[in-house]
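Next comes data_12.txt, with compact mmCIF, C-alpha atoms (C1' of nucleotides).
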```
# COMPACT_ATOMS: atom_id res chain seq x y z
CA MET A 1368 27.15 1.77 -16.91
CA ALA A 1369 27.92 -1.31 -14.90
CA ARG A 1370 26.24 -4.57 -14.08
CA PRO A 1371 22.77 -4.65 -15.65
CA LYS A 1372 19.67 -5.95 -13.88
CA ALA A 1373 19.09 -9.66 -14.29
CA PHE A 1374 15.34 -9.11 -14.75
CA ASP A 1375 13.03 -7.20 -17.04
CA GLU A 1376 11.79 -4.28 -14.98
CA ASP A 1377 8.56 -4.04 -16.93
CA LYS A 1378 7.77 -7.72 -16.69
CA VAL A 1379 8.37 -7.68 -12.96
CA LEU A 1380 6.08 -4.68 -12.63
CA ILE A 1381 3.37 -6.50 -14.53
CA GLY A 1382 3.91 -9.55 -12.34
CA ALA A 1383 3.60 -7.42 -9.21
CA MET A 1384 0.44 -5.89 -10.66
CA HIS A 1385 -1.14 -9.30 -11.08
CA LEU A 1386 -0.18 -10.36 -7.57
CA PHE A 1387 -1.55 -7.19 -5.97
CA TRP A 1388 -4.60 -7.53 -8.19
CA GLU A 1389 -5.26 -11.04 -6.99
CA LYS A 1390 -4.58 -10.67 -3.29
CA GLY A 1391 -4.88 -6.96 -2.56
CA TYR A 1392 -2.26 -4.69 -1.08
CA GLU A 1393 -2.23 -5.71 2.57
CA ALA A 1394 -2.45 -9.43 1.92
CA THR A 1395 0.50 -9.39 -0.48
CA SER A 1396 3.86 -9.61 1.28
CA ILE A 1397 7.32 -8.84 0.01
CA GLN A 1398 7.99 -12.53 0.45
CA ASP A 1399 5.09 -13.31 -1.90
CA LEU A 1400 6.48 -10.93 -4.50
CA GLU A 1401 9.99 -12.35 -4.15
CA THR A 1402 8.69 -15.87 -4.65
CA HIS A 1403 6.26 -15.28 -7.51
CA LEU A 1404 8.40 -12.84 -9.44
CA GLY A 1405 11.64 -14.72 -8.97
CA VAL A 1406 13.41 -11.54 -7.96
CA GLY A 1407 15.25 -10.93 -4.71
CA ARG A 1408 13.73 -8.44 -2.35
CA ARG A 1409 16.90 -6.40 -2.40
CA SER A 1410 16.46 -5.89 -6.12
CA LEU A 1411 12.83 -4.93 -5.65
CA TYR A 1412 13.74 -2.29 -3.10
CA ASN A 1413 16.64 -1.18 -5.25
CA THR A 1414 14.35 -0.68 -8.21
CA PHE A 1415 11.04 0.47 -6.78
CA GLY A 1416 11.88 1.91 -3.38
CA SER A 1417 9.18 0.47 -1.16
CA LYS A 1418 6.18 -1.79 -1.13
CA HIS A 1419 3.85 1.16 -1.39
CA ALA A 1420 5.82 2.68 -4.28
CA LEU A 1421 5.83 -0.64 -6.08
CA PHE A 1422 2.10 -0.87 -5.61
CA LEU A 1423 1.56 2.62 -7.01
CA ALA A 1424 3.76 1.78 -9.98
CA ALA A 1425 1.71 -1.35 -10.56
CA LEU A 1426 -1.48 0.67 -10.38
CA GLY A 1427 -0.06 3.15 -12.87
CA LYS A 1428 0.88 0.30 -15.16
CA TYR A 1429 -2.66 -1.01 -14.93
CA SER A 1430 -4.26 2.30 -15.79
CA GLN A 1431 -2.03 2.59 -18.85
CA SER A 1432 -2.31 -0.98 -20.04
CA GLY A 1433 -5.91 -0.39 -21.08
CA ASP A 1434 -7.63 -3.07 -19.09
CA GLY A 1435 -10.69 -0.86 -19.09
CA PRO A 1436 -13.21 -0.54 -21.92
CA SER A 1437 -11.77 0.14 -25.35
CA PHE A 1438 -13.51 3.27 -26.55
CA GLU A 1439 -11.57 3.73 -29.76
CA LYS A 1440 -12.78 0.99 -32.03
CA GLY A 1441 -15.74 1.96 -34.10
CA CYS A 1442 -15.89 5.61 -33.13
CA GLU A 1443 -16.24 6.40 -36.79
CA SER A 1444 -17.16 3.26 -38.62
CA HIS A 1445 -19.78 1.58 -36.42
CA SER A 1446 -22.77 2.93 -34.60
CA ALA A 1447 -22.15 4.46 -31.20
CA ILE A 1448 -24.82 2.39 -29.51
CA ASP A 1449 -23.43 -0.80 -30.98
CA THR A 1450 -20.00 0.17 -29.67
CA ILE A 1451 -21.36 0.77 -26.19
CA GLN A 1452 -23.28 -2.48 -26.32
CA ALA A 1453 -20.10 -4.26 -27.38
CA ILE A 1454 -18.13 -2.69 -24.55
CA PHE A 1455 -20.54 -4.06 -21.98
CA ASP A 1456 -20.93 -7.40 -23.73
CA ASN A 1457 -17.17 -7.83 -23.73
CA LEU A 1458 -16.93 -6.79 -20.12
CA ALA A 1459 -19.59 -9.29 -19.12
CA ALA A 1460 -17.98 -12.06 -21.17
CA ASP A 1461 -14.53 -11.37 -19.75
CA THR A 1462 -15.90 -11.26 -16.23
CA LEU A 1463 -17.73 -14.56 -16.61
CA ALA A 1464 -14.67 -16.17 -18.15
CA ASP A 1465 -12.42 -15.14 -15.27
CA GLU A 1466 -12.36 -18.03 -12.82
CA ASN A 1467 -10.33 -16.08 -10.33
CA ARG A 1468 -12.87 -13.28 -10.11
CA LEU A 1469 -10.19 -10.64 -10.09
CA GLY A 1470 -12.54 -7.82 -10.96
CA CYS A 1471 -10.95 -4.47 -11.67
CA PHE A 1472 -7.59 -3.72 -10.10
CA MET A 1473 -8.42 -0.01 -9.90
CA VAL A 1474 -11.78 -0.56 -8.23
CA ASN A 1475 -10.33 -3.13 -5.86
CA SER A 1476 -7.50 -0.82 -4.92
CA ALA A 1477 -9.78 2.18 -4.45
CA VAL A 1478 -12.10 0.22 -2.20
CA GLU A 1479 -9.23 -1.13 -0.12
CA LEU A 1480 -7.00 1.94 0.03
CA ALA A 1481 -8.69 5.14 -1.14
CA GLY A 1482 -9.39 6.07 2.46
CA GLN A 1483 -5.80 5.57 3.52
CA SER A 1484 -3.69 6.64 0.56
CA GLU A 1485 -4.06 9.98 -1.17
CA ASP A 1486 -2.10 8.61 -4.13
CA VAL A 1487 -4.56 5.78 -4.64
CA SER A 1488 -7.41 8.22 -4.21
CA LYS A 1489 -6.03 10.44 -6.97
CA PHE A 1490 -5.56 7.48 -9.28
CA SER A 1491 -9.12 6.40 -8.75
CA ARG A 1492 -10.55 9.85 -9.38
CA SER A 1493 -8.66 10.25 -12.63
CA SER A 1494 -9.75 6.75 -13.58
CA ILE A 1495 -13.39 7.73 -13.15
CA ARG A 1496 -12.81 10.89 -15.14
CA ALA A 1497 -11.35 8.91 -18.03
CA LEU A 1498 -14.21 6.45 -17.89
CA VAL A 1499 -16.91 9.13 -18.03
CA SER A 1500 -15.01 11.02 -20.69
CA GLY A 1501 -14.74 7.95 -22.90
CA PHE A 1502 -18.45 7.26 -22.69
CA TYR A 1503 -19.21 10.96 -23.18
CA LYS A 1504 -17.40 11.04 -26.51
CA LEU A 1505 -19.24 7.97 -27.68
CA ILE A 1506 -22.57 9.46 -26.73
CA ARG A 1507 -21.87 12.78 -28.44
CA ASP A 1508 -20.84 10.78 -31.48
CA GLY A 1509 -24.15 8.92 -31.30
CA GLN A 1510 -26.07 12.15 -31.02
CA ILE A 1511 -24.31 13.62 -34.03
CA LYS A 1512 -25.12 10.49 -35.99
CA GLY A 1513 -28.73 10.76 -34.92
CA GLU A 1514 -28.77 7.46 -33.02
CA ILE A 1515 -29.18 9.09 -29.63
CA PRO A 1516 -31.82 11.80 -29.08
CA ILE A 1517 -30.22 15.19 -29.15
CA ASP A 1518 -32.29 16.45 -26.23
CA LYS A 1519 -30.72 13.97 -23.81
CA ASP A 1520 -27.97 15.20 -21.52
CA PRO A 1521 -24.84 13.43 -22.81
CA LEU A 1522 -22.96 13.93 -19.54
CA ALA A 1523 -25.75 12.37 -17.50
CA LEU A 1524 -25.90 9.41 -19.88
CA ALA A 1525 -22.12 9.02 -19.71
CA GLN A 1526 -22.10 9.14 -15.93
CA HIS A 1527 -24.83 6.56 -15.86
CA LEU A 1528 -22.83 4.27 -18.15
CA ALA A 1529 -19.75 4.73 -15.99
CA ASN A 1530 -21.78 3.91 -12.90
CA THR A 1531 -23.13 0.81 -14.60
CA TYR A 1532 -19.57 -0.13 -15.44
CA LEU A 1533 -18.55 0.17 -11.78
CA GLY A 1534 -21.53 -1.93 -10.73
CA PHE A 1535 -20.38 -4.67 -13.11
CA ARG A 1536 -16.95 -4.58 -11.55
CA VAL A 1537 -18.43 -5.13 -8.12
CA LEU A 1538 -20.77 -7.85 -9.35
CA ALA A 1539 -17.67 -9.58 -10.69
CA LYS A 1540 -16.58 -9.98 -7.08
CA MET A 1541 -19.92 -10.52 -5.41
CA SER A 1542 -22.08 -12.55 -7.75
CA PRO A 1543 -21.14 -12.73 -11.43
CA ASP A 1544 -24.14 -14.04 -13.33
CA LYS A 1545 -24.78 -14.10 -17.06
CA ASP A 1546 -28.49 -13.34 -16.95
CA THR A 1547 -27.93 -10.44 -14.60
CA PHE A 1548 -25.37 -8.91 -16.91
CA THR A 1549 -27.59 -9.44 -19.94
CA ASN A 1550 -30.58 -7.84 -18.27
CA VAL A 1551 -28.66 -4.87 -16.90
CA ILE A 1552 -27.09 -4.24 -20.29
CA SER A 1553 -30.50 -4.37 -21.92
CA VAL A 1554 -31.95 -1.77 -19.54
CA THR A 1555 -28.81 0.35 -19.81
CA ILE A 1556 -28.87 0.45 -23.60
CA GLN A 1557 -32.52 1.49 -23.44
CA THR A 1558 -31.46 4.69 -21.72
CA LEU A 1559 -29.72 5.75 -24.93
CA THR A 1560 -32.77 5.67 -27.19
CA MET B 63 -23.58 -19.05 35.96
CA ALA B 64 -20.49 -17.32 37.24
CA ARG B 65 -18.65 -14.10 36.58
CA PRO B 66 -20.44 -12.10 33.88
CA LYS B 67 -18.68 -10.33 31.03
CA ALA B 68 -17.63 -6.79 31.82
CA PHE B 69 -18.70 -5.59 28.36
CA ASP B 70 -21.80 -5.57 26.21
CA GLU B 71 -21.25 -8.26 23.62
CA ASP B 72 -23.46 -6.55 21.09
CA LYS B 73 -21.87 -3.14 21.52
CA VAL B 74 -18.43 -4.62 21.10
CA LEU B 75 -19.57 -6.40 17.95
CA ILE B 76 -20.88 -3.13 16.54
CA GLY B 77 -17.62 -1.44 17.45
CA ALA B 78 -15.65 -4.14 15.70
CA MET B 79 -17.91 -3.75 12.69
CA HIS B 80 -17.12 -0.06 12.45
CA LEU B 81 -13.40 -0.66 12.80
CA PHE B 82 -13.35 -3.36 10.12
CA TRP B 83 -15.58 -1.15 8.01
CA GLU B 84 -13.17 1.75 8.24
CA LYS B 85 -9.87 -0.06 7.79
CA GLY B 86 -10.72 -3.33 6.14
CA TYR B 87 -9.97 -6.81 7.41
CA GLU B 88 -6.23 -7.13 6.85
CA ALA B 89 -5.38 -3.64 8.03
CA THR B 90 -7.25 -4.08 11.31
CA SER B 91 -5.19 -5.80 13.99
CA ILE B 92 -6.27 -7.41 17.23
CA GLN B 93 -4.31 -4.65 18.93
CA ASP B 94 -6.48 -2.08 17.14
CA LEU B 95 -9.63 -3.83 18.28
CA GLU B 96 -8.36 -4.12 21.86
CA THR B 97 -7.58 -0.40 21.95
CA HIS B 98 -10.67 0.97 20.27
CA LEU B 99 -13.16 -1.35 21.90
CA GLY B 100 -11.62 -1.19 25.35
CA VAL B 101 -11.77 -4.95 25.67
CA GLY B 102 -8.85 -7.25 26.35
CA ARG B 103 -7.83 -9.54 23.52
CA ARG B 104 -8.34 -12.54 25.73
CA SER B 105 -11.98 -11.62 26.15
CA LEU B 106 -12.35 -11.13 22.41
CA TYR B 107 -10.98 -14.59 21.71
CA ASN B 108 -13.05 -16.01 24.55
CA THR B 109 -16.20 -14.55 23.06
CA PHE B 110 -15.73 -14.70 19.30
CA GLY B 111 -13.09 -17.37 18.73
CA SER B 112 -10.79 -15.78 16.18
CA LYS B 113 -10.21 -12.63 14.19
CA HIS B 114 -11.88 -14.18 11.16
CA ALA B 115 -14.88 -15.32 13.20
CA LEU B 116 -15.22 -11.88 14.74
CA PHE B 117 -15.12 -10.35 11.28
CA LEU B 118 -17.82 -12.66 10.02
CA ALA B 119 -19.96 -11.87 13.06
CA ALA B 120 -19.47 -8.17 12.35
CA LEU B 121 -20.47 -8.71 8.74
CA GLY B 122 -23.55 -10.59 9.85
CA LYS B 123 -24.41 -7.78 12.22
CA TYR B 124 -24.07 -5.32 9.36
CA SER B 125 -26.35 -7.25 7.03
CA GLN B 126 -29.00 -7.41 9.75
CA SER B 127 -28.71 -3.86 10.98
CA GLY B 128 -30.32 -2.55 7.79
CA ASP B 129 -27.61 -0.23 6.59
CA GLY B 130 -28.80 -0.90 3.08
CA PRO B 131 -31.77 0.78 1.38
CA SER B 132 -35.01 0.76 3.35
CA PHE B 133 -37.55 -0.85 1.05
CA GLU B 134 -40.43 -0.98 3.50
CA LYS B 135 -41.51 2.59 3.89
CA GLY B 136 -44.17 3.63 1.45
CA CYS B 137 -44.74 0.26 -0.22
CA GLU B 138 -48.44 0.88 0.13
CA SER B 139 -48.94 4.54 0.82
CA HIS B 140 -46.55 6.31 -1.59
CA SER B 141 -45.80 5.74 -5.22
CA ALA B 142 -43.24 3.07 -6.02
CA ILE B 143 -41.18 5.37 -8.21
CA ASP B 144 -41.08 8.02 -5.51
CA THR B 145 -39.90 5.40 -3.06
CA ILE B 146 -37.15 4.29 -5.38
CA GLN B 147 -36.18 7.89 -6.04
CA ALA B 148 -36.07 8.49 -2.27
CA ILE B 149 -33.90 5.43 -1.73
CA PHE B 150 -31.27 6.72 -4.12
CA ASP B 151 -31.58 10.33 -2.95
CA ASN B 152 -30.99 9.20 0.61
CA LEU B 153 -28.10 7.01 -0.42
CA ALA B 154 -26.49 9.92 -2.28
CA ALA B 155 -27.06 12.33 0.60
CA ASP B 156 -25.68 9.89 3.17
CA THR B 157 -22.68 9.18 0.97
CA LEU B 158 -21.90 12.86 0.48
CA ALA B 159 -22.31 13.53 4.19
CA ASP B 160 -19.85 10.80 5.16
CA GLU B 161 -16.47 12.46 5.53
CA ASN B 162 -14.74 9.16 6.10
CA ARG B 163 -15.96 7.71 2.82
CA LEU B 164 -16.69 4.37 4.41
CA GLY B 165 -18.85 3.18 1.57
CA CYS B 166 -20.67 -0.11 2.11
CA PHE B 167 -19.16 -2.61 4.54
CA MET B 168 -20.55 -5.52 2.53
CA VAL B 169 -19.18 -4.24 -0.79
CA ASN B 170 -15.84 -3.39 0.77
CA SER B 171 -15.58 -6.82 2.35
CA ALA B 172 -16.61 -8.61 -0.81
CA VAL B 173 -14.03 -6.75 -2.87
CA GLU B 174 -11.29 -7.42 -0.35
CA LEU B 175 -12.11 -10.99 0.66
CA ALA B 176 -14.63 -12.68 -1.64
CA GLY B 177 -11.79 -14.37 -3.49
CA GLN B 178 -10.22 -15.71 -0.33
CA SER B 179 -13.11 -16.52 1.99
CA GLU B 180 -16.05 -18.66 1.01
CA ASP B 181 -17.98 -17.31 3.99
CA VAL B 182 -17.61 -13.73 2.82
CA SER B 183 -18.50 -14.82 -0.69
CA LYS B 184 -21.74 -16.39 0.54
CA PHE B 185 -22.61 -13.30 2.52
CA SER B 186 -22.11 -11.11 -0.50
CA ARG B 187 -24.22 -13.31 -2.77
CA SER B 188 -27.11 -13.33 -0.35
CA SER B 189 -26.72 -9.60 0.03
CA ILE B 190 -27.14 -9.13 -3.70
CA ARG B 191 -30.12 -11.41 -3.70
CA ALA B 192 -31.80 -9.35 -1.00
CA LEU B 193 -31.01 -6.15 -2.86
CA VAL B 194 -32.52 -7.33 -6.13
CA SER B 195 -35.47 -8.84 -4.34
CA GLY B 196 -36.23 -5.59 -2.53
CA PHE B 197 -36.21 -3.61 -5.76
CA TYR B 198 -38.21 -6.30 -7.51
CA LYS B 199 -41.06 -6.01 -5.04
CA LEU B 200 -41.12 -2.24 -5.41
CA ILE B 201 -41.24 -2.51 -9.18
CA ARG B 202 -44.01 -5.07 -9.17
CA ASP B 203 -45.87 -2.77 -6.82
CA GLY B 204 -45.33 0.07 -9.25
CA GLN B 205 -46.58 -2.03 -12.13
CA ILE B 206 -49.72 -2.99 -10.24
CA LYS B 207 -50.34 0.64 -9.46
CA GLY B 208 -49.87 1.49 -13.12
CA GLU B 209 -46.86 3.72 -12.57
CA ILE B 210 -44.46 1.40 -14.33
CA PRO B 211 -45.35 -0.05 -17.76
CA ILE B 212 -46.58 -3.61 -17.38
CA ASP B 213 -44.65 -4.80 -20.42
CA LYS B 214 -41.26 -4.09 -18.82
CA ASP B 215 -39.37 -6.99 -17.29
CA PRO B 216 -39.48 -6.29 -13.55
CA LEU B 217 -36.49 -8.53 -12.81
CA ALA B 218 -34.32 -6.74 -15.37
CA LEU B 219 -35.32 -3.38 -13.94
CA ALA B 220 -34.59 -4.59 -10.41
CA GLN B 221 -31.21 -5.94 -11.41
CA HIS B 222 -30.41 -2.66 -13.07
CA LEU B 223 -31.38 -0.75 -9.91
CA ALA B 224 -29.24 -3.08 -7.80
CA ASN B 225 -26.33 -2.58 -10.17
CA THR B 226 -26.80 1.19 -9.96
CA TYR B 227 -26.77 0.85 -6.19
CA LEU B 228 -23.46 -1.01 -6.30
CA GLY B 229 -22.02 1.63 -8.59
CA PHE B 230 -22.95 4.30 -6.05
CA ARG B 231 -21.19 2.35 -3.35
CA VAL B 232 -18.00 2.30 -5.39
CA LEU B 233 -18.31 5.96 -6.32
CA ALA B 234 -18.50 6.65 -2.59
CA LYS B 235 -14.94 5.38 -2.39
CA MET B 236 -13.59 6.62 -5.68
CA SER B 237 -15.14 9.99 -6.40
CA PRO B 238 -18.31 10.98 -4.54
CA ASP B 239 -19.85 13.91 -6.36
CA LYS B 240 -23.29 15.42 -5.97
CA ASP B 241 -23.92 16.20 -9.64
CA THR B 242 -22.86 12.74 -10.67
CA PHE B 243 -25.28 11.14 -8.24
CA THR B 244 -28.08 13.47 -9.32
CA ASN B 245 -27.53 12.74 -13.00
CA VAL B 246 -27.26 9.00 -12.56
CA ILE B 247 -30.41 8.94 -10.45
CA SER B 248 -32.21 10.92 -13.13
CA VAL B 249 -31.27 8.50 -15.89
CA THR B 250 -32.00 5.52 -13.66
CA ILE B 251 -35.50 6.70 -12.77
CA GLN B 252 -36.16 7.21 -16.48
CA THR B 253 -35.75 3.48 -17.01
CA LEU B 254 -38.90 2.93 -14.94
CA THR B 255 -41.28 4.94 -17.11
C1' DT C 410 -19.16 -17.14 53.82
C1' DA C 411 -17.62 -20.99 50.84
C1' DA C 412 -17.67 -23.55 46.59
C1' DG C 413 -17.90 -23.38 41.85
C1' DT C 414 -17.50 -21.15 37.40
C1' DT C 415 -16.12 -17.82 34.13
C1' DT C 416 -13.72 -13.73 32.88
C1' DT C 417 -9.78 -11.10 32.67
C1' DG C 418 -4.88 -9.32 32.66
C1' DC C 419 -0.37 -10.44 31.73
C1' DA C 420 3.24 -12.31 29.46
C1' DA C 421 4.78 -15.00 26.15
C1' DT C 422 4.48 -17.90 21.88
C1' DG C 423 6.57 -18.58 17.07
C1' DA C 424 5.59 -16.57 12.76
C1' DT C 425 5.72 -13.07 9.69
C1' DC C 426 6.03 -8.21 8.55
C1' DA C 427 8.65 -4.32 5.74
C1' DG C 428 13.00 -2.75 5.22
C1' DT C 429 18.38 -2.62 5.36
C1' DG C 430 23.77 -3.23 5.81
C1' DC C 431 27.26 -5.42 3.79
C1' DA C 432 30.23 -7.81 0.98
C1' DA C 433 30.66 -10.79 -2.93
C1' DA C 434 29.45 -11.21 -7.69
C1' DA C 435 28.96 -9.54 -12.26
C1' DA C 436 28.78 -6.53 -15.69
C1' DT C 437 30.76 -2.27 -18.50
C1' DT C 438 34.36 0.64 -19.90
C1' DG C 439 39.02 1.92 -20.56
C1' DC D 679 43.26 -7.26 -17.66
C1' DA D 680 42.11 -3.51 -14.32
C1' DA D 681 39.21 -0.04 -12.53
C1' DT D 682 34.63 1.24 -11.73
C1' DT D 683 29.87 0.79 -10.92
C1' DT D 684 25.78 -1.58 -9.99
C1' DT D 685 23.27 -5.63 -8.78
C1' DT D 686 22.44 -9.39 -5.98
C1' DG D 687 22.23 -12.85 -2.10
C1' DC D 688 22.26 -13.35 2.65
C1' DA D 689 21.52 -12.52 7.12
C1' DC D 690 19.54 -9.59 10.16
C1' DT D 691 16.91 -5.66 12.15
C1' DG D 692 13.08 -4.33 15.40
C1' DA D 693 8.26 -4.28 14.97
C1' DT D 694 4.06 -6.34 14.68
C1' DC D 695 1.11 -10.26 13.63
C1' DA D 696 -2.71 -13.69 15.57
C1' DT D 697 -3.14 -16.71 19.15
C1' DT D 698 -2.70 -18.95 23.79
C1' DG D 699 -1.37 -20.74 28.86
C1' DC D 700 -1.93 -19.60 33.22
C1' DA D 701 -3.29 -17.84 37.45
C1' DA D 702 -5.52 -14.22 39.85
C1' DA D 703 -9.75 -11.80 40.08
C1' DA D 704 -14.66 -11.46 40.19
C1' DC D 705 -19.03 -12.93 40.03
C1' DT D 706 -23.18 -16.35 41.11
C1' DT D 707 -25.32 -19.58 43.79
C1' DA D 708 -25.99 -22.15 47.81
```
Could you rewrite the structure in this file as structure tokens?
Amino acid sequence: MARPKAFDEDKVLIGAMHLFWEKGYEATSIQDLETHLGVGRRSLYNTFGSKHALFLAALGKYSQSGDGPSFEKGCESHSAIDTIQAIFDNLAADTLADENRLGCFMVNSAVELAGQSEDVSKFSRSSIRALVSGFYKLIRDGQIKGEIPIDKDPLALAQHLANTYLGFRVLAKMSPDKDTFTNVISVTIQTLT
Amino acid sequence: MARPKAFDEDKVLIGAMHLFWEKGYEATSIQDLETHLGVGRRSLYNTFGSKHALFLAALGKYSQSGDGPSFEKGCESHSAIDTIQAIFDNLAADTLADENRLGCFMVNSAVELAGQSEDVSKFSRSSIRALVSGFYKLIRDGQIKGEIPIDKDPLALAQHLANTYLGFRVLAKMSPDKDTFTNVISVTIQTLT
DNA sequence: TAAGTTTTGCAATGATCAGTGCAAAAATTG
DNA sequence: CAATTTTTGCACTGATCATTGCAAAACTTA
């Protein structure tokens, strides 16, 4: 061991994540990162390797930090439909409360870079898989509880919920509107009964 | 009048649109445009003013050139539900056939730039409005024809369809998959009956 | 053909880009 | 304190960025 880093690697990564999230990959310069994170560029390169590697690390951090819907709560105690409703209500509320209209870092990154970076493309695919899988478990749970008709295809319902989720994330950027969210949630929940 | 331009202004605009569409705004340089369009940068600036102005013109061209869903066909002759089904089937087929995974130029631009350009933000809002409005008319038509229950809120249904459409456009970038599209369309059409 | 007007090619602008070489600074360990 | 190891600040790289000044070229109109 020798001289330790003067910064918290994890905090810097989170800071980089927020900067990339806000401005996108191309529009964020090393100079921006240096300034906003208060860390010299030499240290950034020392620690993360390159701008692209730092971005991927930030994207990984995002996908772990559970910014997405929280599927866990209420899997047992509450009703599945109520949980799904709550997920979308929370998403809508969070989106409307966000003045900066950041949207979803994963969606933003996929739209900007999926065509140019295989790494980003892989991240986005696994992100979709996790999203569908989370909804799928909730729906199966609802079917077992008798809330959701057993003859409905749980995968199709889950994919539809995931697609609705993605639509919300785009609306966050294009035209976030309370009534729209409310109405779309209402129609979406109807598909489960 | 004097010396005429050596290029077709409209063709160049369409070419610029495709380049911005493929690479995004930030990642497309004037050099790229010069090379791919075969037009000197001086002529581009002479004609369009700036990179940002050229981009906005390209975005305007896109929103006029009807890349979105075609609502017209079958408003009278066919059933409304069949028309809606066809819109999404075509969208899915086109998306799956597109090797470059371009997605939607308007969605891509909104996600990349809505937070930084008020012009792009306005474009995207009006684009959403047109999308919802198109679906709304189809749904009202379906209600008049008796295909769609009269007690359903046509605006909510239209907003849900528009949201589904946006989701598809993101899936095109993240994880385009035939079965997913088929299943989501199936659930979505169910909301209309 | 001559005058008038616009486009075009070329070269250059200063700014900013991502990334790096190097030596001083700062910490740990003995 | 001394030896060792790593971080950090600084200046700098060549490349690329969007944009422009200028003059020659090319076209229309008379």
Would you mind reading off the distance between atom CA of Ile1517 of chain A and atom CA of Leu1559 of chain A, one decimal, in Å? 10.4 Å
Please find the residues of chain A near chain C - the criterion being any atom within 12 Å, counting all atoms listed in the file - and write them as a PyMOL selection string. chain A and resi 1368-1373+1393-1399+1408-1409+1411-1413+1416-1419
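Interatomic distance, atom CA of Gln205 of chain B against atom CA of Cys166 of chain B: 29.6 Å.
Taking atom CA of Leu233 of chain B and atom CA of Ser171 of chain B as endpoints, the distance between them is 15.7 Å.
All of the residues in chain D within 9 Å of chain B are D:DC695, D:DA696, D:DT697, D:DT698, D:DA704, D:DC705, D:DT706, D:DT707, where all atoms listed in the file were counted.
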For chain A, which of B:Asp160, B:Glu84, B:Asp213, B:Asp151 is the closest residue, counting all atoms listed in the file? B:Glu84
